[in-house]
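Trainee: The following block contains the structure, expressed as structure tokens.
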Amino acid sequence: MAEEIARAAPASALSFLSKMLAIAEMEVRKLRHDPTELVSRAVQPALWLLIFGQVMSHARAIDTGGLPYLDYLVPGILGQSVLFIAIFNGISVIWERDLGIVHKFLVSPAPRSALVLGKALGGGARALVQAVVVIVLGVLLGVHLRLAPAALAGVVVFIVLGAAVFSSFSLFIACIVKTRERFMGVGQVLTMPLFFASNAIYPTSLMPRWLQAIAHGNPLTYQIDALRVLLLRGDGGLPQLGLGLDFAVLALALAVMVAAAARIYPNIAR
Amino acid sequence: MTPAAAPAIEAQELTRRFGSLVAVDHASFRVEGGEVFALLGRNGAGKTTMIKMLTTLIPPTAGGARVGGFDIEREAARVRRIIGYVPQAVSADGELTGYENLKVFARLHDIPRAEARRRIHEALEFMELLPFADKLVKTYSGGMIRRLEIAQSTMHDLRVLFLDEPTIGLDPVARVAVWELLERMQARSRCAILLTTHYLEEAERLCGRVAIMNQGRITALGTPRELTAGLGPGATFEEVFERYTAAGGESLAAYLDTSRARASAERHG
């Protein structure tokens, strides 16, 4: 990818963006034509908030400082639902491979990195719809969220960024395993560790040291940290990583994932 | 030689191995600008692998080729700008409308917005798909999908169009319709066409010259008339085909080829 970008003149930076957006727009249009998937995907976060969240709130089993547990949980479930939707995004590439769609994209003049980034942004758009569902649920459950325009704009940025990281990771896996059965298997294996080794449902300070170390290498932790900073009114005395670090880690993770996926993407046509 | 004057395709000893299988075996041939050329052979003869190399999808194991004067390995990005490709399996997205399918490719080829709108309209009209422009492609018939795919791959200023089994799985009426549109499209754009087929009728009707492939090798090359004349007076094109593909059998690659084509046909109902 670096090579492709370096060779590109400033004028073709625009062309790169236009191609990337063309792919992203295509994903959004597909979603508009058939939004049923989004409805069924909203069930899981709803269960986490309504059942897990309510029970844990009453049990007071998890120390979240001065924050009510449900307040703490909403950004966590928001991050979780983004992860769950993005990590299976790569399956579309396998479907496109079984037909001839991916072959035609690879024969077009679009740089591989533009194709991958476009897909990743498409995953981001998908995740945004989920985010609306989770936030509305949170408000209905009486969680005090900051819904100022600036906070919400920040939420949009971090949702799209986080989803793009996991979407391109998913695409990378799809290009390696190449069949839908194996992909679903690997996806299932990955989601739970990513979820539990993060700050989604408990603060990392409650974890044993080794798990804490893993959690701090997990991009999901940074995404959820940012969502807490943006959405909650106060930190309840819990340590936060800060928006600057969150953004830097996620942007770096995205660059690495897109570069890796773009490199391996042509293999899928073989 | 300037690229503009270069032949459409120039392959030299082009070879591709998959493990111990030699899918394409030292193939050399040349296709001139504006020529319509067929690779004819049974399933598993190496036709699809040949197309995948020429369209930069897979690198050759040995030998090389130039498309429009550009090297398929070292100048792959340039090759992609001047070719169009219609794969054997369905390659239009069923979840999008016909118009959207075309729009994506216009943008991937850097066609400016206003110009793209004009070309999409023109392509839809030409392919007789205008009334279905805003319908999802999964509601299209096989022949309509093929026409849309050809439109997707020919909206830019291309020099070579690659078609892999362009009428496989189509009924006779739809097949003739695709042939007629291809002929009219080619007469207008003057691009060279390389198509693979195992329908003799298709090669005879559309193509000037034909290369017959068997087990990865080009076993015969010439116009259908030259090839039949070479076999003696009164020979038919069927006999030519039998003769030059005689040693062939159905290989594992052939089985995989057809099972994949079937799978995709089922998926699109």
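Here, A, B, ... name the chains of the structure tokens in the order displayed, residue numbers run from 1 inside each chain, and ligands are numbered from 1 in the same displayed order.
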Within 9 Å of chain A, which residues belong to chain B? Use only C-alpha atoms and report them as a ChimeraX atom specification.
Mentor: /B:52,55-58,77-93,95-96,100-101,103-105,107-110,136,153,260-261,263-264,267
Trainee: Write out the residues from the selection above, keeping C-alpha atoms, as a PDB file, in the first residue's frame.
Mentor:
ATOM      1  CA  LYS B  52      -6.559 -14.810 -15.135  1.00  0.00           C
ATOM      2  CA  THR B  55      -5.971  -9.813 -16.633  1.00  0.00           C
ATOM      3  CA  THR B  56      -3.265  -9.586 -13.887  1.00  0.00           C
ATOM      4  CA  LEU B  57      -5.262 -11.686 -11.397  1.00  0.00           C
ATOM      5  CA  ILE B  58      -2.550 -14.318 -11.055  1.00  0.00           C
ATOM      6  CA  ALA B  77      -1.684  -1.162 -12.947  1.00  0.00           C
ATOM      7  CA  ARG B  78      -1.469   0.162 -16.512  1.00  0.00           C
ATOM      8  CA  VAL B  79      -2.883  -3.029 -17.950  1.00  0.00           C
ATOM      9  CA  ARG B  80      -5.904  -2.733 -15.634  1.00  0.00           C
ATOM     10  CA  ARG B  81      -6.699   0.704 -16.995  1.00  0.00           C
ATOM     11  CA  ILE B  82      -7.160  -0.505 -20.577  1.00  0.00           C
ATOM     12  CA  ILE B  83      -8.905  -3.837 -20.142  1.00  0.00           C
ATOM     13  CA  GLY B  84     -12.369  -5.063 -19.301  1.00  0.00           C
ATOM     14  CA  TYR B  85     -13.123  -8.480 -17.838  1.00  0.00           C
ATOM     15  CA  VAL B  86     -16.307 -10.499 -17.600  1.00  0.00           C
ATOM     16  CA  PRO B  87     -15.637 -13.587 -15.465  1.00  0.00           C
ATOM     17  CA  GLN B  88     -17.385 -16.883 -16.038  1.00  0.00           C
ATOM     18  CA  ALA B  89     -19.302 -16.809 -12.747  1.00  0.00           C
ATOM     19  CA  VAL B  90     -21.925 -14.142 -12.133  1.00  0.00           C
ATOM     20  CA  SER B  91     -20.100 -10.904 -11.374  1.00  0.00           C
ATOM     21  CA  ALA B  92     -22.855  -8.317 -11.067  1.00  0.00           C
ATOM     22  CA  ASP B  93     -24.030  -7.719  -7.509  1.00  0.00           C
ATOM     23  CA  GLU B  95     -28.173  -6.881  -4.016  1.00  0.00           C
ATOM     24  CA  LEU B  96     -27.727  -3.698  -6.067  1.00  0.00           C
ATOM     25  CA  GLU B 100     -25.763   1.048  -9.126  1.00  0.00           C
ATOM     26  CA  ASN B 101     -23.689  -1.814 -10.512  1.00  0.00           C
ATOM     27  CA  LYS B 103     -22.053   3.472 -11.261  1.00  0.00           C
ATOM     28  CA  VAL B 104     -19.506   1.722  -9.061  1.00  0.00           C
ATOM     29  CA  PHE B 105     -17.419   0.703 -12.038  1.00  0.00           C
ATOM     30  CA  ARG B 107     -16.103   5.543 -10.438  1.00  0.00           C
ATOM     31  CA  LEU B 108     -13.439   2.859 -10.173  1.00  0.00           C
ATOM     32  CA  HIS B 109     -12.403   3.889 -13.678  1.00  0.00           C
ATOM     33  CA  ASP B 110     -12.242   7.616 -12.812  1.00  0.00           C
ATOM     34  CA  LEU B 136     -32.324  -5.230  -8.129  1.00  0.00           C
ATOM     35  CA  SER B 153     -16.713  -3.885 -18.227  1.00  0.00           C
ATOM     36  CA  ARG B 260     -18.164 -23.783  -9.151  1.00  0.00           C
ATOM     37  CA  ALA B 261     -20.079 -22.539 -12.197  1.00  0.00           C
ATOM     38  CA  ALA B 263     -22.888 -23.402  -7.549  1.00  0.00           C
ATOM     39  CA  SER B 264     -23.071 -19.820  -8.703  1.00  0.00           C
ATOM     40  CA  ARG B 267     -27.288 -19.102  -6.056  1.00  0.00           C
TER      41      ARG B 267
END
Trainee: Write out as a ChimeraX atom specification each polymer residue whose atoms come within 7 Å of Ala27 of chain B, counting only C-alpha atoms; drop sequence neighbours fewer than 6 positions from it.
Mentor: /B:11-15,217-218
Trainee: Store the residues of this selection in a file with N, CA and C atoms, as a CSV table (one decimal), in the first residue's frame.
Mentor:
chain,number,residue,atom,x,y,z
B,11,ALA,N,1.6,-13.0,-26.0
B,11,ALA,CA,2.0,-13.9,-25.0
B,11,ALA,C,3.2,-14.8,-25.5
B,12,GLN,N,4.2,-14.9,-24.6
B,12,GLN,CA,5.4,-15.7,-24.9
B,12,GLN,C,5.7,-16.7,-23.9
B,13,GLU,N,5.5,-18.0,-24.3
B,13,GLU,CA,5.8,-19.1,-23.4
B,13,GLU,C,5.1,-19.0,-22.1
B,14,LEU,N,3.9,-18.4,-22.1
B,14,LEU,CA,3.2,-18.2,-20.9
B,14,LEU,C,2.9,-19.5,-20.2
B,15,THR,N,3.2,-19.6,-18.9
B,15,THR,CA,3.1,-20.9,-18.2
B,15,THR,C,2.6,-20.6,-16.8
B,217,ARG,N,-1.9,-26.7,-23.3
B,217,ARG,CA,-1.1,-26.3,-24.5
B,217,ARG,C,-2.0,-25.8,-25.6
B,218,ILE,N,-1.5,-24.9,-26.4
B,218,ILE,CA,-2.2,-24.5,-27.6
B,218,ILE,C,-1.9,-25.5,-28.7
Trainee: Find the spatial neighbours of Ile159 of chain A, counting only C-alpha atoms, within a cut-off of 8 Å - ignore same-chain residues fewer than 4 positions away - and output them as a ChimeraX atom specification.
Mentor: /A:79,82,124,127-128,131,155,163,223
Trainee: If I take atom CA of Leu70 of chain A and atom CA of Ile135 of chain A, how far is one from the other in Å, to one decimal?
Mentor: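 According to the coordinates, atom CA of Leu70 of chain A and atom CA of Ile135 of chain A are separated by 12.2 Å.
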Trainee: Per DSSP on the backbone, what are the strand (DSSP E) residues of segment 53-101 of chain B, as a short mmCIF file (atom, residue, chain, number, x, y, z; two decimals) with C-alpha atoms, in the first residue's frame?
Mentor:
data_model
loop_
_atom_site.label_atom_id
_atom_site.label_comp_id
_atom_site.auth_asym_id
_atom_site.auth_seq_id
_atom_site.Cartn_x
_atom_site.Cartn_y
_atom_site.Cartn_z
CA ALA B 62 7.19 -18.73 -16.26
CA GLY B 63 7.13 -16.80 -19.52
CA GLY B 64 5.29 -13.52 -19.87
CA ALA B 65 2.83 -11.43 -21.81
CA ARG B 66 2.07 -7.86 -22.81
CA VAL B 67 -1.45 -6.48 -23.02
CA PHE B 70 2.17 -3.23 -21.11
CA ASP B 71 3.83 -6.04 -19.22
CA ILE B 83 -8.90 -3.84 -20.14
CA GLY B 84 -12.37 -5.06 -19.30
CA TYR B 85 -13.12 -8.48 -17.84
CA VAL B 86 -16.31 -10.50 -17.60
#
Trainee: Pick from A:Ala151, A:Val177, A:Leu231, A:His216: nearest to Val139 of chain A, with only C-alpha atoms counted?
Mentor: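 The answer is A:Leu231, which sits nearest to Val139 of chain A.
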Trainee: Based on DSSP run over this structure's backbone, return all residues of segment 28-250 of chain A in helix (DSSP H, G or I), as a VMD selection string.
Mentor: chain A and resid 28 to 33 36 to 41 43 to 59 69 to 87 91 to 98 101 to 107 112 to 140 149 to 177 180 to 196 204 to 206 209 to 215 219 to 231 243 to 250
Trainee: Write out as a list in words the residues lying within 12 Å of Ala177 of chain B, counting only C-alpha atoms and excluding same-chain residues fewer than 3 positions away.
Mentor: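 Near neighbours after the sequence-gap exclusion: Phe126, Met127, Glu128, Gly142, Gly143, Met144, Arg146, Arg147, Pro166, Thr167, Leu170, Asp171, Pro172, Val173, Ala174, Glu180, Leu181, Leu182, Glu183 and Arg184 of chain B.
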Trainee: Got time to write the residues from that selection, N, CA and C atoms, as a CSV table (one decimal), in the first residue's frame?
Mentor:
chain,number,residue,atom,x,y,z
B,126,PHE,N,-28.1,0.7,-24.7
B,126,PHE,CA,-27.5,-0.2,-25.7
B,126,PHE,C,-27.7,-1.7,-25.4
B,127,MET,N,-27.7,-2.0,-24.1
B,127,MET,CA,-27.8,-3.4,-23.7
B,127,MET,C,-29.3,-3.7,-23.4
B,128,GLU,N,-30.2,-2.8,-23.8
B,128,GLU,CA,-31.7,-3.0,-23.7
B,128,GLU,C,-32.1,-3.3,-22.3
B,142,GLY,N,-30.7,-14.6,-16.6
B,142,GLY,CA,-29.3,-14.9,-16.9
B,142,GLY,C,-28.8,-14.0,-18.0
B,143,GLY,N,-29.6,-13.9,-19.1
B,143,GLY,CA,-29.1,-13.1,-20.2
B,143,GLY,C,-29.0,-11.6,-19.9
B,144,MET,N,-30.0,-11.1,-19.1
B,144,MET,CA,-29.9,-9.7,-18.7
B,144,MET,C,-28.7,-9.4,-17.8
B,146,ARG,N,-25.8,-11.1,-17.9
B,146,ARG,CA,-24.7,-11.1,-18.8
B,146,ARG,C,-24.5,-9.8,-19.5
B,147,ARG,N,-25.6,-9.2,-20.0
B,147,ARG,CA,-25.5,-8.0,-20.8
B,147,ARG,C,-25.1,-6.8,-19.8
B,166,PRO,N,-18.7,-16.4,-22.2
B,166,PRO,CA,-19.7,-15.4,-22.1
B,166,PRO,C,-21.2,-15.9,-22.2
B,167,THR,N,-21.5,-17.0,-22.8
B,167,THR,CA,-22.9,-17.4,-22.9
B,167,THR,C,-23.1,-18.8,-22.2
B,170,LEU,N,-26.8,-20.0,-20.7
B,170,LEU,CA,-27.9,-19.2,-21.3
B,170,LEU,C,-28.7,-20.0,-22.2
B,171,ASP,N,-30.0,-19.7,-22.3
B,171,ASP,CA,-30.8,-20.5,-23.3
B,171,ASP,C,-30.5,-19.9,-24.7
B,172,PRO,N,-30.8,-20.7,-25.8
B,172,PRO,CA,-30.4,-20.3,-27.1
B,172,PRO,C,-30.8,-18.9,-27.5
B,173,VAL,N,-32.0,-18.4,-27.1
B,173,VAL,CA,-32.4,-17.1,-27.5
B,173,VAL,C,-31.5,-16.0,-26.8
B,174,ALA,N,-31.3,-16.2,-25.5
B,174,ALA,CA,-30.5,-15.3,-24.8
B,174,ALA,C,-29.1,-15.3,-25.3
B,180,GLU,N,-25.2,-10.9,-30.6
B,180,GLU,CA,-25.5,-9.7,-31.4
B,180,GLU,C,-25.0,-8.4,-30.7
B,181,LEU,N,-25.3,-8.3,-29.4
B,181,LEU,CA,-24.8,-7.1,-28.7
B,181,LEU,C,-23.3,-7.0,-28.7
B,182,LEU,N,-22.7,-8.2,-28.5
B,182,LEU,CA,-21.2,-8.1,-28.5
B,182,LEU,C,-20.7,-7.7,-29.9
B,183,GLU,N,-21.3,-8.1,-30.9
B,183,GLU,CA,-20.8,-7.7,-32.3
B,183,GLU,C,-21.0,-6.2,-32.5
B,184,ARG,N,-22.2,-5.7,-32.0
B,184,ARG,CA,-22.5,-4.3,-32.2
B,184,ARG,C,-21.5,-3.5,-31.3
Trainee: Counting only C-alpha atoms, what is within 9 Å of Ser205 of chain A, bar same-chain residues fewer than 3 positions away, as number ranges by chain?
Mentor: A: 202, 208-209, 212, 238-239
Trainee: May I have the residues from that selection written out with N, CA and C atoms, as a compact mmCIF listing (two decimals), in the first residue's frame?
Mentor:
# COMPACT_ATOMS: atom_id res chain seq x y z
N TYR A 202 -16.40 -4.64 32.39
CA TYR A 202 -15.78 -4.38 33.69
C TYR A 202 -14.51 -3.57 33.48
N PRO A 208 -6.80 -9.64 36.40
CA PRO A 208 -5.43 -10.06 36.74
C PRO A 208 -4.45 -9.39 35.78
N ARG A 209 -3.21 -9.27 36.21
CA ARG A 209 -2.22 -8.51 35.44
C ARG A 209 -2.08 -8.96 33.99
N GLN A 212 -4.92 -7.85 31.96
CA GLN A 212 -4.82 -6.40 31.79
C GLN A 212 -3.89 -6.04 30.62
N LEU A 238 -12.86 6.39 37.88
CA LEU A 238 -12.07 5.35 37.21
C LEU A 238 -11.04 6.00 36.29
N PRO A 239 -9.84 5.39 36.15
CA PRO A 239 -8.85 5.96 35.24
C PRO A 239 -9.30 5.85 33.78
Trainee: Using only C-alpha atoms, which residue out of A:Pro149, A:Gly118, A:Gly154, A:Gly90 lies closest to Phe183 of chain A?
Mentor: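 Looking only at the distances to Phe183 of chain A, the closest residue turns out to be A:Gly90.
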Trainee: Which residue, A:Ala253, A:Val143, A:Leu232, A:Leu73, has the smallest gap to Met56 of chain A when you use only C-alpha atoms?
Mentor: A:Leu73
Trainee: To one decimal place in Å, what is the distance between atom CA of Ala235 of chain B and atom CA of Val210 of chain B?
Mentor: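 Computed distance, atom CA of Ala235 of chain B to atom CA of Val210 of chain B, equals 16.4 Å.
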Trainee: Within 12 Å of Phe195 of chain A, counting only C-alpha atoms, which residues qualify if same-chain residues fewer than 2 places away don't, as a PyMOL selection string?
Mentor: chain A and resi 76-84+87+188-193+197-202+211+214-215+218-221+223-224
Trainee: Taking only C-alpha atoms into account, name the residue in B:His198, B:His26, B:Arg118, B:Arg190 that is nearest to Phe241 of chain B.
Mentor: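 Among the listed residues, B:His198 lies closest to Phe241 of chain B.
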Trainee: Which value, in Å to one decimal, gives the distance between atom CA of Ile173 of chain A and atom CA of Leu117 of chain A?
Mentor: 15.1 Å
Trainee: Counting only C-alpha atoms, figure out which residue out of A:Val134, A:Val43, A:Val28, A:Leu252 gets nearest to Ala120 of chain A.
Mentor: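 For Ala120 of chain A, the nearest of the given residues is A:Val28.
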